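Structure file upload.pdb; described as PDB, C-alpha atoms and all ligand atoms.
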ATOM      1  CA  MET A   1      46.180 -16.776  -3.645
ATOM      2  CA  ASP A   2      45.806 -19.452  -1.013
ATOM      3  CA  TYR A   3      45.300 -22.954  -2.210
ATOM      4  CA  PHE A   4      45.220 -26.477  -0.924
ATOM      5  CA  GLY A   5      44.970 -29.966  -2.341
ATOM      6  CA  LYS A   6      47.388 -31.345  -4.874
ATOM      7  CA  PHE A   7      45.593 -34.569  -5.552
ATOM      8  CA  VAL A   8      42.500 -35.095  -7.606
ATOM      9  CA  TYR A   9      40.519 -36.998  -5.018
ATOM     10  CA  MET A  10      38.335 -36.003  -2.165
ATOM     11  CA  ILE A  11      38.414 -38.298   0.839
ATOM     12  CA  HIS A  12      35.061 -38.504   2.581
ATOM     13  CA  CYS A  13      34.635 -40.103   5.990
ATOM     14  CA  ILE A  14      32.479 -43.224   5.772
ATOM     15  CA  ASP A  15      30.625 -42.335   9.004
ATOM     16  CA  CYS A  16      30.244 -38.555   9.187
ATOM     17  CA  ASP A  17      30.183 -35.505   6.892
ATOM     18  CA  SER A  18      33.902 -34.700   7.115
ATOM     19  CA  ALA A  19      35.747 -34.497   3.801
ATOM     20  CA  TRP A  20      39.241 -33.422   2.829
ATOM     21  CA  SER A  21      41.551 -33.493  -0.161
ATOM     22  CA  LEU A  22      43.760 -36.585  -0.448
ATOM     23  CA  ASP A  23      47.322 -35.689   0.459
ATOM     24  CA  GLU A  24      50.795 -37.217   0.561
ATOM     25  CA  GLU A  25      50.379 -38.295   4.204
ATOM     26  CA  ASP A  26      47.147 -40.173   3.437
ATOM     27  CA  LEU A  27      48.956 -42.122   0.715
ATOM     28  CA  LYS A  28      51.471 -43.491   3.207
ATOM     29  CA  LYS A  29      48.898 -44.861   5.632
ATOM     30  CA  ASP A  30      47.290 -48.270   5.663
ATOM     31  CA  ARG A  31      44.128 -46.952   7.290
ATOM     32  CA  LEU A  32      42.866 -43.378   7.366
ATOM     33  CA  SER A  33      41.356 -41.803  10.471
ATOM     34  CA  CYS A  34      38.582 -39.254  10.223
ATOM     35  CA  HIS A  35      39.823 -35.633  10.484
ATOM     36  CA  ASP A  36      37.018 -34.828  12.905
ATOM     37  CA  PRO A  37      38.396 -35.645  16.389
ATOM     38  CA  SER A  38      34.914 -36.474  17.676
ATOM     39  CA  CYS A  39      34.464 -39.156  15.003
ATOM     40  CA  GLU A  40      36.358 -42.380  15.525
ATOM     41  CA  ALA A  41      35.936 -43.848  12.057
ATOM     42  CA  GLU A  42      38.852 -45.619  10.399
ATOM     43  CA  PHE A  43      38.688 -46.762   6.810
ATOM     44  CA  SER A  44      40.774 -47.619   3.754
ATOM     45  CA  ILE A  45      41.827 -44.978   1.236
ATOM     46  CA  TYR A  46      39.657 -46.762  -1.355
ATOM     47  CA  ASP A  47      36.506 -46.518   0.781
ATOM     48  CA  GLY A  48      37.289 -42.840   1.488
ATOM     49  CA  ILE A  49      37.673 -42.043  -2.220
ATOM     50  CA  LYS A  50      34.583 -44.057  -3.190
ATOM     51  CA  LYS A  51      32.488 -42.173  -0.652
ATOM     52  CA  GLY A  52      33.971 -38.862  -1.859
ATOM     53  CA  LEU A  53      32.934 -39.633  -5.427
ATOM     54  CA  LYS A  54      29.445 -40.626  -4.368
ATOM     55  CA  VAL A  55      28.541 -37.663  -2.157
ATOM     56  CA  TYR A  56      27.546 -35.150  -4.768
ATOM     57  CA  GLU A  57      24.046 -33.929  -4.163
ATOM     58  CA  GLU A  58      24.339 -32.707  -0.616
ATOM     59  CA  ASN A  59      27.239 -30.449  -1.463
ATOM     60  CA  ALA A  60      27.367 -28.901  -4.913
ATOM     61  CA  LEU A  61      30.918 -27.722  -4.226
ATOM     62  CA  GLN A  62      32.088 -31.314  -4.528
ATOM     63  CA  ALA A  63      30.515 -32.033  -7.895
ATOM     64  CA  ASN A  64      33.683 -31.270  -9.793
ATOM     65  CA  SER A  65      36.387 -31.523  -7.201
ATOM     66  CA  PHE A  66      37.718 -34.923  -8.163
ATOM     67  CA  LEU A  67      38.974 -33.629 -11.465
ATOM     68  CA  ALA A  68      40.695 -30.587 -10.033
ATOM     69  CA  ASN A  69      44.061 -30.965  -8.405
ATOM     70  CA  TYR A  70      44.119 -27.474  -6.934
ATOM     71  CA  ILE A  71      41.484 -25.642  -4.978
ATOM     72  CA  PHE A  72      42.061 -21.923  -4.442
ATOM     73  CA  PHE A  73      40.495 -19.794  -1.751
ATOM     74  CA  HIS A  74      40.744 -16.089  -2.167
ATOM     75  CA  THR A  75      39.024 -12.958  -0.905
ATOM     76  CA  ILE A  76      39.084  -9.884  -3.130
ATOM     77  CA  ASP A  77      38.162  -6.244  -2.621
ATOM     78  CA  VAL A  78      35.502  -4.881  -4.944
ATOM     79  CA  LYS A  79      33.507  -1.710  -5.407
ATOM     80  CA  ILE A  80      29.801  -2.503  -5.473
ATOM     81  CA  GLY A  81      28.428  -2.025  -8.992
ATOM     82  CA  PHE A  82      31.848  -2.193 -10.668
ATOM     83  CA  MET A  83      33.544  -5.038 -12.454
ATOM     84  CA  LYS A  84      36.898  -6.354 -11.301
ATOM     85  CA  ASN A  85      39.328  -8.557 -13.196
ATOM     86  CA  CYS A  86      40.860 -11.301 -11.097
ATOM     87  CA  LYS A  87      44.125 -12.914 -12.219
ATOM     88  CA  LEU A  88      44.920 -16.559 -11.504
ATOM     89  CA  PRO A  89      48.466 -17.655 -10.641
ATOM     90  CA  GLU A  90      50.661 -18.731 -13.550
ATOM     91  CA  GLY A  91      50.540 -22.390 -14.451
ATOM     92  CA  VAL A  92      46.789 -22.929 -14.256
ATOM     93  CA  LEU A  93      45.863 -25.242 -17.130
ATOM     94  CA  ARG A  94      42.120 -25.423 -16.778
ATOM     95  CA  VAL A  95      39.492 -23.906 -14.519
ATOM     96  CA  HIS A  96      36.631 -26.264 -13.676
ATOM     97  CA  LYS A  97      34.479 -24.044 -11.554
ATOM     98  CA  VAL A  98      34.455 -20.688  -9.795
ATOM     99  CA  TRP A  99      32.147 -19.888  -6.906
ATOM    100  CA  ALA A 100      31.845 -16.278  -5.790
ATOM    101  CA  VAL A 101      30.199 -15.393  -2.507
ATOM    102  CA  PRO A 102      29.423 -11.758  -1.581
ATOM    103  CA  LEU A 103      30.250 -10.972   2.033
ATOM    104  CA  GLU A 104      27.591  -8.284   2.294
ATOM    105  CA  ASN A 105      24.158  -7.503   0.900
ATOM    106  CA  PHE A 106      24.810  -7.405  -2.857
ATOM    107  CA  SER A 107      24.875  -9.771  -5.844
ATOM    108  CA  VAL A 108      27.955 -11.175  -7.475
ATOM    109  CA  GLY A 109      28.635 -13.035 -10.718
ATOM    110  CA  VAL A 110      31.640 -14.325 -12.643
ATOM    111  CA  SER A 111      32.235 -14.259 -16.398
ATOM    112  CA  ASN A 112      34.963 -14.661 -19.061
ATOM    113  CA  ILE A 113      36.631 -17.520 -17.210
ATOM    114  CA  THR A 114      39.942 -18.563 -18.764
ATOM    115  CA  SER A 115      43.085 -20.209 -17.386
ATOM    116  CA  GLU A 116      44.480 -16.702 -16.832
ATOM    117  CA  GLY A 117      41.644 -15.296 -14.792
ATOM    118  CA  PHE A 118      38.068 -14.073 -14.854
ATOM    119  CA  ASP A 119      35.851 -11.037 -14.315
ATOM    120  CA  VAL A 120      33.904 -10.571 -11.103
ATOM    121  CA  PHE A 121      30.944  -8.230 -11.341
ATOM    122  CA  THR A 122      28.715  -6.972  -8.584
ATOM    123  CA  SER A 123      25.329  -5.330  -8.448
ATOM    124  CA  LEU A 124      22.720  -4.294  -5.920
ATOM    125  CA  HIS A 125      19.639  -6.370  -5.184
ATOM    126  CA  GLU A 126      16.346  -4.898  -6.295
ATOM    127  CA  ASN A 127      14.921  -2.324  -3.855
ATOM    128  CA  THR A 128      18.160  -1.974  -1.877
ATOM    129  CA  ASP A 129      19.521   1.358  -0.805
ATOM    130  CA  THR A 130      21.291   2.787  -3.879
ATOM    131  CA  SER A 131      23.723   4.668  -1.668
ATOM    132  CA  LEU A 132      25.606   1.349  -1.362
ATOM    133  CA  PHE A 133      26.625   1.770  -5.011
ATOM    134  CA  GLY A 134      30.390   2.335  -5.279
ATOM    135  CA  LEU A 135      31.143   1.293  -1.703
ATOM    136  CA  ASP A 136      34.070  -0.992  -0.868
ATOM    137  CA  ALA A 137      33.127  -4.613  -0.200
ATOM    138  CA  LYS A 138      34.596  -8.100  -0.244
ATOM    139  CA  VAL A 139      33.909 -11.201  -2.330
ATOM    140  CA  MET A 140      35.061 -14.672  -1.370
ATOM    141  CA  LEU A 141      36.200 -16.884  -4.243
ATOM    142  CA  TYR A 142      36.519 -20.640  -4.373
ATOM    143  CA  ILE A 143      38.158 -22.004  -7.527
ATOM    144  CA  ASN A 144      38.590 -25.604  -8.737
ATOM    145  CA  ALA A 145      41.461 -25.808 -11.218
ATOM    146  CA  ASN A 146      44.108 -28.051 -12.718
ATOM    147  CA  MET A 147      47.760 -27.081 -12.575
ATOM    148  CA  GLU A 148      49.144 -30.437 -13.529
ATOM    149  CA  ASN A 149      48.262 -32.306 -16.631
ATOM    150  CA  TYR A 150      47.071 -35.837 -16.304
ATOM    151  CA  SER A 151      45.464 -37.890 -18.972
ATOM    152  CA  ALA A 152      43.234 -40.474 -17.365
ATOM    153  CA  THR A 153      40.413 -40.901 -19.862
ATOM    154  CA  TRP A 154      38.362 -43.003 -17.463
ATOM    155  CA  MET A 155      38.375 -40.184 -14.929
ATOM    156  CA  HIS A 156      37.059 -37.681 -17.459
ATOM    157  CA  LEU A 157      34.367 -40.154 -18.542
ATOM    158  CA  LEU A 158      33.365 -40.752 -14.928
ATOM    159  CA  GLN A 159      33.077 -37.032 -14.431
ATOM    160  CA  LEU A 160      30.842 -36.779 -17.511
ATOM    161  CA  SER A 161      28.697 -39.556 -16.051
ATOM    162  CA  LEU A 162      28.334 -37.597 -12.810
ATOM    163  CA  LYS A 163      27.595 -34.361 -14.666
ATOM    164  CA  ASN A 164      24.844 -36.053 -16.711
ATOM    165  CA  LEU A 165      23.449 -37.681 -13.583
ATOM    166  CA  VAL A 166      23.229 -34.306 -11.817
ATOM    167  CA  ASP A 167      21.738 -32.717 -14.985
ATOM    168  CA  GLY A 168      19.068 -35.443 -15.245
ATOM    169  CA  ASP A 169      20.291 -37.022 -18.478
ATOM    170  CA  TYR A 170      20.128 -40.554 -17.106
ATOM    171  CA  SER A 171      20.780 -42.809 -20.096
ATOM    172  CA  THR A 172      23.881 -40.805 -21.073
ATOM    173  CA  SER A 173      25.045 -40.946 -17.455
ATOM    174  CA  ILE A 174      24.724 -44.763 -17.415
ATOM    175  CA  LEU A 175      26.588 -45.070 -20.722
ATOM    176  CA  PHE A 176      29.458 -42.846 -19.520
ATOM    177  CA  ALA A 177      29.647 -44.678 -16.177
ATOM    178  CA  GLU A 178      30.095 -48.070 -17.790
ATOM    179  CA  ILE A 179      32.474 -46.759 -20.492
ATOM    180  CA  ALA A 180      34.555 -45.063 -17.757
ATOM    181  CA  PHE A 181      34.933 -48.438 -16.059
ATOM    182  CA  GLU A 182      35.759 -50.168 -19.373
ATOM    183  CA  SER A 183      38.346 -47.500 -20.181
ATOM    184  CA  PHE A 184      39.949 -48.018 -16.741
ATOM    185  CA  VAL A 185      40.098 -51.783 -17.380
ATOM    186  CA  ASP A 186      41.514 -51.431 -20.912
ATOM    187  CA  THR A 187      44.155 -48.948 -19.737
ATOM    188  CA  PHE A 188      45.419 -51.328 -17.060
ATOM    189  CA  LEU A 189      45.269 -54.348 -19.374
ATOM    190  CA  PHE A 190      47.160 -52.501 -22.101
ATOM    191  CA  HIS A 191      49.923 -51.325 -19.775
ATOM    192  CA  GLY A 192      50.007 -54.667 -17.946
ATOM    193  CA  TYR A 193      50.584 -56.629 -21.140
ATOM    194  CA  LEU A 194      53.097 -54.080 -22.375
ATOM    195  CA  GLU A 195      55.021 -54.426 -19.107
ATOM    196  CA  LYS A 196      54.943 -58.204 -19.365
ATOM    197  CA  GLY A 197      56.744 -57.896 -22.679
ATOM    198  CA  GLU A 198      55.346 -61.004 -24.379
ATOM    199  CA  LEU A 199      53.063 -59.244 -26.846
ATOM    200  CA  SER A 200      53.729 -56.352 -29.208
ATOM    201  CA  GLU A 201      51.597 -53.202 -29.008
ATOM    202  CA  GLY A 202      49.724 -54.340 -32.107
ATOM    203  CA  GLU A 203      49.026 -57.778 -30.632
ATOM    204  CA  ILE A 204      47.743 -56.234 -27.392
ATOM    205  CA  TYR A 205      45.503 -53.932 -29.389
ATOM    206  CA  ASP A 206      44.083 -56.948 -31.278
ATOM    207  CA  LEU A 207      43.603 -58.903 -28.050
ATOM    208  CA  LEU A 208      41.665 -56.049 -26.444
ATOM    209  CA  GLU A 209      39.626 -55.623 -29.645
ATOM    210  CA  ASP A 210      38.695 -59.322 -29.698
ATOM    211  CA  LYS A 211      37.770 -59.930 -26.085
ATOM    212  CA  LYS A 212      34.398 -58.958 -24.712
ATOM    213  CA  ILE A 213      34.237 -56.956 -21.486
ATOM    214  CA  PRO A 214      33.207 -59.914 -19.220
ATOM    215  CA  SER A 215      36.365 -61.836 -20.242
ATOM    216  CA  LYS A 216      38.507 -58.738 -19.861
ATOM    217  CA  VAL A 217      37.338 -58.092 -16.280
ATOM    218  CA  ASN A 218      37.727 -61.738 -15.281
ATOM    219  CA  THR A 219      40.145 -63.775 -17.407
ATOM    220  CA  LEU A 220      42.563 -61.039 -18.469
ATOM    221  CA  MET A 221      42.574 -59.108 -15.161
ATOM    222  CA  LYS A 222      43.199 -62.438 -13.399
ATOM    223  CA  GLU A 223      46.076 -63.256 -15.708
ATOM    224  CA  LEU A 224      47.797 -59.901 -15.160
ATOM    225  CA  TYR A 225      46.807 -58.768 -11.660
ATOM    226  CA  LYS A 226      45.364 -61.877  -9.943
ATOM    227  CA  THR A 227      41.964 -60.275  -9.481
ATOM    228  CA  LYS A 228      38.581 -60.690 -11.137
ATOM    229  CA  LEU A 229      35.391 -58.671 -11.065
ATOM    230  CA  SER A 230      33.212 -61.730 -10.458
ATOM    231  CA  LYS A 231      34.507 -61.667  -6.830
ATOM    232  CA  MET A 232      33.216 -58.122  -6.265
ATOM    233  CA  ASP A 233      30.207 -57.900  -3.911
ATOM    234  CA  ASP A 234      27.702 -56.733  -6.496
ATOM    235  CA  TRP A 235      29.059 -58.585  -9.529
ATOM    236  CA  ILE A 236      25.524 -59.765 -10.370
ATOM    237  CA  GLY A 237      24.262 -56.173 -10.418
ATOM    238  CA  TRP A 238      27.040 -55.180 -12.770
ATOM    239  CA  GLU A 239      26.478 -58.121 -15.100
ATOM    240  CA  THR A 240      22.694 -58.203 -15.169
ATOM    241  CA  LYS A 241      21.933 -54.492 -14.896
ATOM    242  CA  VAL A 242      24.704 -51.997 -15.649
ATOM    243  CA  LEU A 243      26.396 -53.918 -18.472
ATOM    244  CA  ARG A 244      23.035 -54.832 -19.980
ATOM    245  CA  TRP A 245      21.781 -51.229 -19.745
ATOM    246  CA  ARG A 246      24.965 -49.985 -21.389
ATOM    247  CA  ASN A 247      24.393 -52.343 -24.335
ATOM    248  CA  GLN A 248      20.713 -51.456 -24.563
ATOM    249  CA  ILE A 249      21.567 -47.736 -24.683
ATOM    250  CA  ALA A 250      24.455 -48.183 -27.137
ATOM    251  CA  HIS A 251      22.322 -50.343 -29.456
ATOM    252  CA  GLY A 252      19.292 -48.103 -29.146
ATOM    253  CA  SER A 253      16.910 -50.779 -27.820
ATOM    254  CA  ARG A 254      16.112 -48.857 -24.643
ATOM    255  CA  VAL A 255      16.472 -45.133 -24.086
ATOM    256  CA  LEU A 256      14.531 -44.248 -20.957
ATOM    257  CA  PHE A 257      16.058 -44.759 -17.539
ATOM    258  CA  ASP A 258      15.200 -43.210 -14.216
ATOM    259  CA  LYS A 259      17.285 -41.431 -11.602
ATOM    260  CA  GLU A 260      17.583 -44.486  -9.324
ATOM    261  CA  GLU A 261      18.948 -46.572 -12.200
ATOM    262  CA  ALA A 262      21.479 -43.885 -13.160
ATOM    263  CA  GLN A 263      22.572 -43.450  -9.516
ATOM    264  CA  TYR A 264      22.986 -47.196  -9.226
ATOM    265  CA  ALA A 265      25.091 -47.408 -12.419
ATOM    266  CA  TYR A 266      27.325 -44.471 -11.408
ATOM    267  CA  SER A 267      27.803 -45.850  -7.912
ATOM    268  CA  LEU A 268      28.595 -49.349  -9.203
ATOM    269  CA  ALA A 269      31.082 -47.978 -11.766
ATOM    270  CA  VAL A 270      32.876 -46.189  -8.892
ATOM    271  CA  ASP A 271      32.837 -49.424  -6.845
ATOM    272  CA  ALA A 272      34.122 -51.529  -9.753
ATOM    273  CA  ILE A 273      36.942 -49.102 -10.606
ATOM    274  CA  PHE A 274      38.158 -48.905  -7.001
ATOM    275  CA  TYR A 275      37.663 -52.633  -6.469
ATOM    276  CA  PHE A 276      40.301 -53.084  -9.166
ATOM    277  CA  ALA A 277      42.427 -50.172  -7.905
ATOM    278  CA  GLU A 278      42.613 -51.842  -4.482
ATOM    279  CA  ASN A 279      43.330 -55.297  -5.882
ATOM    280  CA  ILE A 280      45.945 -54.007  -8.344
ATOM    281  CA  ASP A 281      47.636 -52.296  -5.347
ATOM    282  CA  LEU A 282      47.539 -55.586  -3.415
ATOM    283  CA  TYR A 283      49.067 -57.379  -6.388
ATOM    284  CA  PHE A 284      51.899 -54.828  -6.722
ATOM    285  CA  LYS A 285      52.557 -55.037  -2.985
ATOM    286  CA  SER A 286      52.638 -58.855  -3.128
ATOM    287  CA  ILE A 287      55.384 -58.801  -5.771
ATOM    288  CA  GLY A 288      57.391 -56.196  -3.839
ATOM    289  CA  GLU A 289      56.748 -53.176  -6.079
ATOM    290  CA  PRO A 290      57.345 -49.946  -4.106
ATOM    291  CA  ASN A 291      54.472 -48.044  -5.739
ATOM    292  CA  GLY A 292      50.926 -48.957  -6.606
ATOM    293  CA  LEU A 293      48.131 -46.631  -7.584
ATOM    294  CA  PHE A 294      47.304 -45.460  -4.078
ATOM    295  CA  TYR A 295      50.096 -46.540  -1.836
ATOM    296  CA  ARG A 296      53.737 -45.655  -1.400
ATOM    297  CA  THR A 297      56.252 -47.206   0.925
TER     298      THR A 297
HETATM  299 ZN    ZN A 301      34.111 -39.071  10.467
END
Once more with this new file: its structure as structure tokens, please.
Amino acid sequence: MDYFGKFVYMIHCIDCDSAWSLDEEDLKKDRLSCHDPSCEAEFSIYDGIKKGLKVYEENALQANSFLANYIFFHTIDVKIGFMKNCKLPEGVLRVHKVWAVPLENFSVGVSNITSEGFDVFTSLHENTDTSLFGLDAKVMLYINANMENYSATWMHLLQLSLKNLVDGDYSTSILFAEIAFESFVDTFLFHGYLEKGELSEGEIYDLLEDKKIPSKVNTLMKELYKTKLSKMDDWIGWETKVLRWRNQIAHGSRVLFDKEEAQYAYSLAVDAIFYFAENIDLYFKSIGEPNGLFYRT
């Protein structure tokens, strides 16, 4: 099976519709250039990833791609009206999504999806010539899957936020968006303090239990990584809307939110996460570390 894309992120051009999977070469560059030669846009890896995470409605194929580190393309031969089992390569841990596209005038569906493979079944449309039954045809498959394990809780939460946003469950989407951001912050604070070596694991746990999220994103992030959320462009929106909404939902004082509010919360969670990702990278670079989150030397 052909595949591409080893990384979990989709880079999306900030000016046009071009998108591609983040690769090793992109990680080495300071600025990315659009893959479309007629587009002259240049942008940072962070802006490319942020845009990739935000473009979800225009192209349903992208809805899950940021959690899959492999994307397989494959064309199989089928007999119209018969089922065919399709095996995935060894090492697939989880399949996120399978799209099957018939290359002629028939219907196709996929069932029994596991990490080993799935069944592709085909049938004729209503009122089509039944003599097509049993004929050889082709089906194009597009599969989002994971072949490497990674345990980034915030990323899974962000994906749940996006899924709920697309499904129209807005208050759950807002809650997941903000918790994804908080999980990202806690993860980096925990590992940052551990690395510093002044506090035991138990003491770090207690510290993170005690502090409220506004002090974590400002005081503690400043102490460890010389960055604070209050310098982000839409800090006010985060503090007065998204954080407040999250508390209202968690405490049950408000349950109804609309699509615009959920889109805003998801988009701001993406911005806040990558605001810190960029600034943590800058901090690591400034102290001469060879690797950050999204750069390598
Ligand atoms: Zn472009």
Can you work out which residues are within 10 Å of ligand ZN 301 (chain A), considering all atoms listed in the file, and then hand them over as a ChimeraX atom specification? /A:12-19,33-43
Take the PyMOL selection byres (((chain A and resi 281) around 10) and not hetatm), run it mentally on this structure, and tell me the resulting residues as a CSV table (one decimal) with C-alpha atoms, in the coordinates of the input.
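Written out: out.csv:
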chain,number,residue,atom,x,y,z
A,225,TYR,CA,46.8,-58.8,-11.7
A,276,PHE,CA,40.3,-53.1,-9.2
A,277,ALA,CA,42.4,-50.2,-7.9
A,278,GLU,CA,42.6,-51.8,-4.5
A,279,ASN,CA,43.3,-55.3,-5.9
A,280,ILE,CA,45.9,-54.0,-8.3
A,282,LEU,CA,47.5,-55.6,-3.4
A,283,TYR,CA,49.1,-57.4,-6.4
A,284,PHE,CA,51.9,-54.8,-6.7
A,285,LYS,CA,52.6,-55.0,-3.0
A,286,SER,CA,52.6,-58.9,-3.1
A,289,GLU,CA,56.7,-53.2,-6.1
A,291,ASN,CA,54.5,-48.0,-5.7
A,292,GLY,CA,50.9,-49.0,-6.6
A,293,LEU,CA,48.1,-46.6,-7.6
A,294,PHE,CA,47.3,-45.5,-4.1
A,295,TYR,CA,50.1,-46.5,-1.8
A,296,ARG,CA,53.7,-45.7,-1.4
How would you write, as a ChimeraX atom specification, the residues chosen by the PyMOL selection byres (((chain A and resi 106) around 8) and not hetatm) on this structure? /A:80,102,104-105,107-108,122-125
What do you get, as a CSV table (one decimal) with C-alpha atoms, keeping the file's coordinate frame, if you spell out every residue that the PyMOL selection byres (((chain A and resi 101) around 12) and not hetatm) selects here?
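Final file, result-v9.csv:
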chain,number,residue,atom,x,y,z
A,73,PHE,CA,40.5,-19.8,-1.8
A,74,HIS,CA,40.7,-16.1,-2.2
A,75,THR,CA,39.0,-13.0,-0.9
A,76,ILE,CA,39.1,-9.9,-3.1
A,98,VAL,CA,34.5,-20.7,-9.8
A,99,TRP,CA,32.1,-19.9,-6.9
A,100,ALA,CA,31.8,-16.3,-5.8
A,102,PRO,CA,29.4,-11.8,-1.6
A,103,LEU,CA,30.2,-11.0,2.0
A,104,GLU,CA,27.6,-8.3,2.3
A,105,ASN,CA,24.2,-7.5,0.9
A,106,PHE,CA,24.8,-7.4,-2.9
A,107,SER,CA,24.9,-9.8,-5.8
A,108,VAL,CA,28.0,-11.2,-7.5
A,109,GLY,CA,28.6,-13.0,-10.7
A,110,VAL,CA,31.6,-14.3,-12.6
A,120,VAL,CA,33.9,-10.6,-11.1
A,121,PHE,CA,30.9,-8.2,-11.3
A,122,THR,CA,28.7,-7.0,-8.6
A,137,ALA,CA,33.1,-4.6,-0.2
A,138,LYS,CA,34.6,-8.1,-0.2
A,139,VAL,CA,33.9,-11.2,-2.3
A,140,MET,CA,35.1,-14.7,-1.4
A,141,LEU,CA,36.2,-16.9,-4.2
A,142,TYR,CA,36.5,-20.6,-4.4
A,143,ILE,CA,38.2,-22.0,-7.5
Using all atoms listed in the file, which residue out of A:Leu157, A:Ile174, A:Val185, A:Met232 lies closest to A:Arg246?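 Among the listed residues, A:Ile174 lies closest to A:Arg246.
Interatomic distance, atom CA of A:Glu24 against atom CA of A:Gly52: 17.1 Å.
Pairwise distance (atom CA of A:Ile236, atom CA of A:His251) equals 21.5 Å.
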Would you mind reading off the distance between atom CA of A:Trp238 and atom CA of A:Val270, one decimal, in Å?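 One can read the atom CA of A:Trp238 to atom CA of A:Val270 distance as 11.4 Å.
Of the listed residues A:Met155, A:Leu135, A:Ala262, A:Ile71, the one whose atoms come nearest to A:Ile179 is A:Met155, with distances taken using only C-alpha atoms.
The closest residue to A:Thr114, picked from A:Ser131, A:Leu88, A:Arg254, A:Asn164 and counting all atoms listed in the file, is A:Leu88.
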So that all listed atoms of stretch 244-253 of chain A fit with 4 Å spare on each side, what axis-aligned box centre and edge lengths in Å, to one decimal, would you give as JSON?
{"center_x": 20.9, "center_y": -51.3, "center_z": -24.6, "size_x": 16.1, "size_y": 15.1, "size_z": 17.7}
Pick from A:Asp210, A:Ser267, A:Thr227, A:Asp169, whichever lies nearest to A:Val255 using all atoms listed in the file: A:Asp169
Please rebuild stretch 44-56 of chain A with N, CA and C atoms and give the result as an mmCIF file, in the frame of the given file.
data_model
loop_
_atom_site.group_PDB
_atom_site.id
_atom_site.type_symbol
_atom_site.label_atom_id
_atom_site.label_comp_id
_atom_site.auth_asym_id
_atom_site.auth_seq_id
_atom_site.Cartn_x
_atom_site.Cartn_y
_atom_site.Cartn_z
ATOM 1 N N SER A 44 39.711 -47.549 4.756
ATOM 2 C CA SER A 44 40.774 -47.619 3.754
ATOM 3 C C SER A 44 40.682 -46.402 2.836
ATOM 4 N N ILE A 45 41.788 -46.098 2.177
ATOM 5 C CA ILE A 45 41.827 -44.978 1.236
ATOM 6 C C ILE A 45 40.795 -45.187 0.119
ATOM 7 N N TYR A 46 40.593 -46.454 -0.267
ATOM 8 C CA TYR A 46 39.657 -46.762 -1.355
ATOM 9 C C TYR A 46 38.225 -46.435 -0.933
ATOM 10 N N ASP A 47 37.860 -46.817 0.315
ATOM 11 C CA ASP A 47 36.506 -46.518 0.781
ATOM 12 C C ASP A 47 36.304 -45.012 0.930
ATOM 13 N N GLY A 48 37.380 -44.300 1.347
ATOM 14 C CA GLY A 48 37.289 -42.840 1.488
ATOM 15 C C GLY A 48 37.093 -42.162 0.137
ATOM 16 N N ILE A 49 37.811 -42.635 -0.876
ATOM 17 C CA ILE A 49 37.673 -42.043 -2.220
ATOM 18 C C ILE A 49 36.308 -42.388 -2.811
ATOM 19 N N LYS A 50 35.890 -43.643 -2.642
ATOM 20 C CA LYS A 50 34.583 -44.057 -3.190
ATOM 21 C C LYS A 50 33.467 -43.187 -2.612
ATOM 22 N N LYS A 51 33.524 -42.994 -1.290
ATOM 23 C CA LYS A 51 32.488 -42.173 -0.652
ATOM 24 C C LYS A 51 32.564 -40.739 -1.194
ATOM 25 N N GLY A 52 33.796 -40.223 -1.342
ATOM 26 C CA GLY A 52 33.971 -38.862 -1.859
ATOM 27 C C GLY A 52 33.373 -38.688 -3.247
ATOM 28 N N LEU A 53 33.476 -39.721 -4.072
ATOM 29 C CA LEU A 53 32.934 -39.633 -5.427
ATOM 30 C C LEU A 53 31.419 -39.785 -5.450
ATOM 31 N N LYS A 54 30.891 -40.367 -4.364
ATOM 32 C CA LYS A 54 29.445 -40.626 -4.368
ATOM 33 C C LYS A 54 28.628 -39.530 -3.690
ATOM 34 N N VAL A 55 29.283 -38.738 -2.834
ATOM 35 C CA VAL A 55 28.541 -37.663 -2.157
ATOM 36 C C VAL A 55 28.559 -36.456 -3.081
ATOM 37 N N TYR A 56 27.508 -36.268 -3.831
ATOM 38 C CA TYR A 56 27.546 -35.150 -4.768
ATOM 39 C C TYR A 56 26.340 -34.247 -4.662
#
